[in-house]
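For reference, coords26.cif is printed below; it contains mmCIF, C-alpha atoms.
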```
data_model
#
loop_
_atom_site.group_PDB
_atom_site.id
_atom_site.type_symbol
_atom_site.label_atom_id
_atom_site.label_comp_id
_atom_site.auth_asym_id
_atom_site.auth_seq_id
_atom_site.Cartn_x
_atom_site.Cartn_y
_atom_site.Cartn_z
ATOM 1 C CA MET A 77 50.407 92.193 -15.709
ATOM 2 C CA ILE A 78 48.879 93.055 -12.315
ATOM 3 C CA ILE A 79 48.763 89.379 -11.435
ATOM 4 C CA SER A 80 52.492 89.105 -12.222
ATOM 5 C CA ILE A 81 53.248 92.075 -9.941
ATOM 6 C CA PHE A 82 51.198 90.542 -7.107
ATOM 7 C CA THR A 83 52.900 87.203 -7.658
ATOM 8 C CA ALA A 84 56.334 88.865 -7.539
ATOM 9 C CA LEU A 85 55.394 90.817 -4.379
ATOM 10 C CA ALA A 86 54.077 87.635 -2.772
ATOM 11 C CA ALA A 87 57.322 85.856 -3.613
ATOM 12 C CA ILE A 88 59.377 88.711 -2.131
ATOM 13 C CA ALA A 89 57.169 88.772 0.975
ATOM 14 C CA SER A 90 57.533 85.006 1.282
ATOM 15 C CA CYS A 91 61.343 85.323 1.098
ATOM 16 C CA ILE A 92 61.339 88.062 3.747
ATOM 17 C CA ILE A 93 59.088 86.026 6.032
ATOM 18 C CA SER A 94 61.278 82.943 5.532
ATOM 19 C CA ALA A 95 64.409 84.967 6.329
ATOM 20 C CA PHE A 96 62.776 86.402 9.453
ATOM 21 C CA ASP A 97 61.644 82.921 10.498
ATOM 22 C CA LEU A 98 65.152 81.571 9.998
ATOM 23 C CA TYR A 99 66.624 84.466 12.011
ATOM 24 C CA SER A 100 64.051 83.961 14.823
ATOM 25 C CA THR A 101 64.724 80.235 14.946
ATOM 26 C CA ASN A 102 68.468 80.877 15.066
ATOM 27 C CA GLN A 103 68.093 83.377 17.926
ATOM 28 C CA LEU A 104 65.783 81.051 19.839
ATOM 29 C CA THR A 105 68.251 78.198 19.408
ATOM 30 C CA LYS A 106 71.111 80.373 20.683
ATOM 31 C CA TYR A 107 69.039 81.417 23.696
ATOM 32 C CA THR A 108 68.027 77.826 24.440
ATOM 33 C CA VAL A 109 71.600 76.558 24.190
ATOM 34 C CA GLN A 110 72.872 79.371 26.442
ATOM 35 C CA ALA A 111 70.095 78.809 28.986
ATOM 36 C CA THR A 112 70.801 75.071 29.028
ATOM 37 C CA HIS A 113 74.513 75.724 29.467
ATOM 38 C CA ASP A 114 73.859 78.181 32.310
ATOM 39 C CA LEU A 115 71.527 75.742 34.055
ATOM 40 C CA GLU A 116 73.962 72.848 33.769
ATOM 41 C CA SER A 117 76.827 75.049 34.993
ATOM 42 C CA GLU A 118 74.721 76.132 37.966
ATOM 43 C CA LYS A 119 73.859 72.504 38.758
ATOM 44 C CA LEU A 120 77.508 71.487 38.607
ATOM 45 C CA PHE A 121 78.553 74.392 40.834
ATOM 46 C CA PHE A 122 75.756 73.685 43.319
ATOM 47 C CA ASN A 123 76.672 69.987 43.483
ATOM 48 C CA ALA A 124 80.371 70.768 43.928
ATOM 49 C CA LYS A 125 79.559 73.272 46.681
ATOM 50 C CA ALA A 126 77.231 70.832 48.458
ATOM 51 C CA GLU A 127 79.860 68.088 48.218
ATOM 52 C CA ALA A 128 82.573 70.410 49.575
ATOM 53 C CA TYR A 129 80.366 71.338 52.538
ATOM 54 C CA HIS A 130 79.485 67.694 53.173
ATOM 55 C CA THR A 131 83.140 66.655 53.060
ATOM 56 C CA PHE A 132 84.144 69.480 55.409
ATOM 57 C CA LEU A 133 81.469 68.541 57.964
ATOM 58 C CA HIS A 134 82.497 64.880 57.721
ATOM 59 C CA SER A 135 86.141 65.813 58.342
ATOM 60 C CA ALA A 136 85.122 67.999 61.276
ATOM 61 C CA SER A 137 83.246 65.055 62.768
ATOM 62 C CA ASN A 138 86.236 62.754 62.288
ATOM 63 C CA PHE A 139 88.551 65.336 63.840
ATOM 64 C CA MET A 140 86.248 65.660 66.856
ATOM 65 C CA ALA A 141 86.288 61.893 67.354
ATOM 66 C CA ASN A 142 90.016 61.527 66.758
ATOM 67 C CA PRO A 143 92.171 64.662 66.634
ATOM 68 C CA SER A 144 95.118 62.890 65.021
ATOM 69 C CA ALA A 145 97.589 64.649 62.746
ATOM 70 C CA GLU A 146 96.023 62.893 59.768
ATOM 71 C CA ASN A 147 92.524 64.056 60.675
ATOM 72 C CA SER A 148 93.839 67.555 61.390
ATOM 73 C CA LEU A 149 95.386 67.735 57.919
ATOM 74 C CA LYS A 150 92.186 66.374 56.351
ATOM 75 C CA LEU A 151 90.122 68.964 58.249
ATOM 76 C CA ASN A 152 92.395 71.769 57.069
ATOM 77 C CA THR A 153 92.285 70.553 53.461
ATOM 78 C CA ASP A 154 88.513 70.133 53.432
ATOM 79 C CA CYS A 155 88.019 73.480 55.157
ATOM 80 C CA THR A 156 90.088 75.155 52.444
ATOM 81 C CA TYR A 157 88.145 73.339 49.733
ATOM 82 C CA ALA A 158 84.790 74.420 51.192
ATOM 83 C CA VAL A 159 85.984 78.011 51.478
ATOM 84 C CA LEU A 160 86.805 78.072 47.750
ATOM 85 C CA PHE A 161 83.103 77.713 46.900
ATOM 86 C CA SER A 162 81.796 80.170 49.477
ATOM 87 C CA SER A 163 80.857 83.807 49.840
ATOM 88 C CA GLN A 164 82.833 85.934 52.275
ATOM 89 C CA LYS A 165 80.240 85.457 55.030
ATOM 90 C CA THR A 166 80.315 81.674 54.693
ATOM 91 C CA GLN A 167 84.107 81.650 54.418
ATOM 92 C CA ASN A 168 84.336 83.468 57.744
ATOM 93 C CA ALA A 169 81.872 81.073 59.388
ATOM 94 C CA ILE A 170 83.651 77.964 58.085
ATOM 95 C CA SER A 171 87.054 79.287 59.128
ATOM 96 C CA ALA A 172 85.771 80.207 62.588
ATOM 97 C CA TYR A 173 84.337 76.722 63.000
ATOM 98 C CA GLY A 174 87.606 75.083 61.935
ATOM 99 C CA LYS A 175 89.578 77.251 64.364
ATOM 100 C CA SER A 176 87.154 76.557 67.206
ATOM 101 C CA LEU A 177 87.496 72.813 66.600
ATOM 102 C CA VAL A 178 91.252 73.049 66.974
ATOM 103 C CA ARG A 179 90.949 75.236 70.107
ATOM 104 C CA TYR A 180 88.376 72.861 71.570
ATOM 105 C CA GLN A 181 90.773 69.929 71.198
ATOM 106 C CA SER A 182 93.323 71.733 73.381
ATOM 107 C CA ASP A 183 90.908 71.414 76.356
ATOM 108 C CA PRO A 184 87.801 69.331 75.562
ATOM 109 C CA LYS A 185 86.532 69.661 79.131
ATOM 110 C CA SER A 186 86.357 73.463 78.953
ATOM 111 C CA GLU A 187 82.744 74.646 78.948
ATOM 112 C CA ALA A 188 83.731 77.945 77.320
ATOM 113 C CA LEU A 189 85.531 76.197 74.449
ATOM 114 C CA THR A 190 82.649 73.751 74.078
ATOM 115 C CA ALA A 191 80.124 76.586 73.870
ATOM 116 C CA GLU A 192 82.339 78.473 71.401
ATOM 117 C CA MET A 193 82.710 75.384 69.229
ATOM 118 C CA VAL A 194 78.971 74.618 69.236
ATOM 119 C CA HIS A 195 78.142 78.236 68.396
ATOM 120 C CA ALA A 196 80.708 78.250 65.555
ATOM 121 C CA GLN A 197 79.326 74.950 64.247
ATOM 122 C CA VAL A 198 75.737 76.203 64.186
ATOM 123 C CA THR A 199 76.801 79.482 62.585
ATOM 124 C CA ALA A 200 78.782 77.654 59.888
ATOM 125 C CA MET A 201 75.961 75.233 59.174
ATOM 126 C CA HIS A 202 73.434 78.057 58.856
ATOM 127 C CA ALA A 203 75.782 79.998 56.569
ATOM 128 C CA MET A 204 76.316 76.939 54.360
ATOM 129 C CA GLN A 205 72.579 76.197 54.297
ATOM 130 C CA GLU A 206 71.770 79.807 53.405
ATOM 131 C CA GLU A 207 74.378 79.792 50.660
ATOM 132 C CA LEU A 208 73.041 76.577 49.148
ATOM 133 C CA SER A 209 69.489 77.945 49.299
ATOM 134 C CA THR A 210 70.606 81.183 47.667
ATOM 135 C CA THR A 211 72.423 79.269 44.944
ATOM 136 C CA MET A 212 69.299 77.251 44.185
ATOM 137 C CA ARG A 213 67.085 80.361 44.028
ATOM 138 C CA SER A 214 69.501 82.534 42.025
ATOM 139 C CA LYS A 215 68.499 81.068 38.639
ATOM 140 C CA VAL A 216 64.802 80.573 39.311
ATOM 141 C CA PRO A 217 62.704 83.140 37.405
ATOM 142 C CA GLN A 218 60.859 85.444 39.768
#
```

Full structure transcribed into structure tokens:
Amino acid sequence: MIISIFTALAAIASCIISAFDLYSTNQLTKYTVQATHDLESEKLFFNAKAEAYHTFLHSASNFMANPSAENSLKLNTDCTYAVLFSSQKTQNAISAYGKSLVRYQSDPKSEALTAEMVHAQVTAMHAMQEELSTTMRSKVPQ
């Protein structure tokens, strides 16, 4: 009779352990799927942000070389696109750079406008670089 009781208790304990194992596996799977989703989302956002910044800088370069209406429109469009992915600080830097490019084109020989444009460019590039670095570090466990 005692052996039957121990056998029954062992069977119950085995069922409880199996249920706990199943629950733990389920929770671990949920966590893994969520972590994978978060990582992939972060990668996609980072890549989109980097591409937007690259495209904006390319358009700025084209506008500097040829300030045509087409290049002006492309610069404005790419500036807006880059701003969509940015923090407020980077938005301000990108916008200031875009504005300084347009002002510079009104008098390319002006030393003051040249200095303003170069300063705005460096500020925007540092802001974009800092934002990309921050994005990359935001999901890394500390």

Quiz prompt | Matched chain/residue IDs from the PyMOL selection byres ((chain A and resi 137) around 12), as a ChimeraX atom specification | solution = /A:130-136,138-143,147-148,150-151,154,173-174,177,197

Self-check item: Computed interatomic separation between atom CA of Ala200 of chain A and atom CA of Ala172 of chain A (Å)
Solution: 7.9 Å

Would you compute, for all listed atoms of segment 162-170 of chain A, the axis-aligned bounding box grown by 5 Å on each side, and then report its centre and edge lengths in Å rounded to one decimal, as JSON?
```
{"center_x": 82.3, "center_y": 81.9, "center_z": 54.4, "size_x": 14.1, "size_y": 18.0, "size_z": 19.9}
```

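You will find atom CA of Phe121 of chain A at 10.2 Å from atom CA of Leu208 of chain A.
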
Exercise. Apply the PyMOL selection byres ((chain A and resi 193) around 7) to the structure shown and report the selected residues as a ChimeraX atom specification.
Key: /A:173,176-177,180,189-192,194-197

Practice problem: Calculate how many Å separate atom CA of Val178 of chain A from atom CA of Ser144 of chain A, rounding to one decimal. | Solution: 11.0 Å

Quiz item: With only C-alpha atoms as the basis for distance, which of A:Ala203, A:Ser162, A:Leu85, A:Ser171 is at the shortest distance from Phe122 of chain A?
Solution: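 Of A:Ala203, A:Ser162, A:Leu85, A:Ser171, the one nearest Phe122 of chain A is A:Ser162, counting only C-alpha atoms.
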
Quiz prompt | Best match for closeness to Thr153 of chain A among A:Tyr107, A:Tyr99, A:Tyr129, A:Phe82, counting all atoms listed in the file | solution =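 Selected residue with least distance to Thr153 of chain A: A:Tyr129.
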
Exercise. Could you check which of A:Ser94, A:Ser182, A:Thr199, A:Ser100 is closest to Gln167 of chain A, using only C-alpha atoms?
Key: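 Looking only at the distances to Gln167 of chain A, the closest residue turns out to be A:Thr199.
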
All heavy atoms for segment 143-154 of chain A, written as a short mmCIF file (atom, residue, chain, number, x, y, z; two decimals), keeping the file's coordinate frame, could you do that?
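Here's the written file out.cif:
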```
data_model
loop_
_atom_site.label_atom_id
_atom_site.label_comp_id
_atom_site.auth_asym_id
_atom_site.auth_seq_id
_atom_site.Cartn_x
_atom_site.Cartn_y
_atom_site.Cartn_z
N PRO A 143 91.39 63.51 67.10
CA PRO A 143 92.17 64.66 66.63
C PRO A 143 93.62 64.31 66.26
O PRO A 143 94.57 64.98 66.68
CB PRO A 143 92.11 65.62 67.83
CG PRO A 143 91.96 64.74 69.01
CD PRO A 143 91.15 63.56 68.53
N SER A 144 93.78 63.30 65.44
CA SER A 144 95.12 62.89 65.02
C SER A 144 95.67 63.89 64.01
O SER A 144 94.94 64.73 63.47
CB SER A 144 95.06 61.50 64.38
OG SER A 144 94.31 61.56 63.17
N ALA A 145 96.95 63.78 63.74
CA ALA A 145 97.59 64.65 62.75
C ALA A 145 96.97 64.44 61.36
O ALA A 145 96.76 65.39 60.61
CB ALA A 145 99.09 64.38 62.70
N GLU A 146 96.65 63.20 61.06
CA GLU A 146 96.02 62.89 59.77
C GLU A 146 94.65 63.56 59.65
O GLU A 146 94.34 64.19 58.63
CB GLU A 146 95.89 61.38 59.60
CG GLU A 146 95.25 60.97 58.29
CD GLU A 146 95.07 59.46 58.18
OE1 GLU A 146 95.71 58.70 58.92
OE2 GLU A 146 94.27 59.05 57.32
N ASN A 147 93.85 63.44 60.71
CA ASN A 147 92.52 64.06 60.68
C ASN A 147 92.61 65.58 60.71
O ASN A 147 91.76 66.27 60.15
CB ASN A 147 91.66 63.54 61.82
CG ASN A 147 91.13 62.15 61.56
OD1 ASN A 147 91.12 61.68 60.43
ND2 ASN A 147 90.70 61.47 62.61
N SER A 148 93.62 66.10 61.36
CA SER A 148 93.84 67.56 61.39
C SER A 148 94.17 68.07 59.99
O SER A 148 93.63 69.09 59.54
CB SER A 148 94.97 67.90 62.36
OG SER A 148 95.23 69.28 62.34
N LEU A 149 95.03 67.36 59.29
CA LEU A 149 95.39 67.74 57.92
C LEU A 149 94.17 67.63 57.00
O LEU A 149 93.92 68.52 56.17
CB LEU A 149 96.52 66.84 57.40
CG LEU A 149 96.98 67.10 55.97
CD1 LEU A 149 97.52 68.52 55.82
CD2 LEU A 149 98.05 66.08 55.58
N LYS A 150 93.40 66.56 57.16
CA LYS A 150 92.19 66.37 56.35
C LYS A 150 91.18 67.50 56.63
O LYS A 150 90.58 68.04 55.70
CB LYS A 150 91.57 65.00 56.67
CG LYS A 150 90.32 64.68 55.89
CD LYS A 150 90.64 64.03 54.58
CE LYS A 150 89.38 63.49 53.93
NZ LYS A 150 88.96 64.27 52.79
N LEU A 151 91.02 67.86 57.89
CA LEU A 151 90.12 68.96 58.25
C LEU A 151 90.57 70.26 57.59
O LEU A 151 89.77 70.99 57.00
CB LEU A 151 90.06 69.14 59.77
CG LEU A 151 89.27 70.35 60.27
CD1 LEU A 151 87.80 70.21 59.91
CD2 LEU A 151 89.45 70.50 61.77
N ASN A 152 91.86 70.54 57.67
CA ASN A 152 92.40 71.77 57.07
C ASN A 152 92.19 71.78 55.55
O ASN A 152 91.76 72.79 54.97
CB ASN A 152 93.88 71.92 57.41
CG ASN A 152 94.43 73.24 56.95
OD1 ASN A 152 93.78 74.27 57.08
ND2 ASN A 152 95.64 73.21 56.41
N THR A 153 92.45 70.66 54.91
CA THR A 153 92.28 70.55 53.46
C THR A 153 90.82 70.73 53.06
O THR A 153 90.51 71.50 52.15
CB THR A 153 92.79 69.18 52.97
OG1 THR A 153 94.16 69.04 53.33
CG2 THR A 153 92.64 69.03 51.47
N ASP A 154 89.93 70.05 53.77
CA ASP A 154 88.51 70.13 53.43
C ASP A 154 87.92 71.50 53.78
O ASP A 154 87.01 71.97 53.09
CB ASP A 154 87.74 69.01 54.12
CG ASP A 154 88.11 67.64 53.55
OD1 ASP A 154 88.64 67.58 52.41
OD2 ASP A 154 87.89 66.63 54.24
#
```
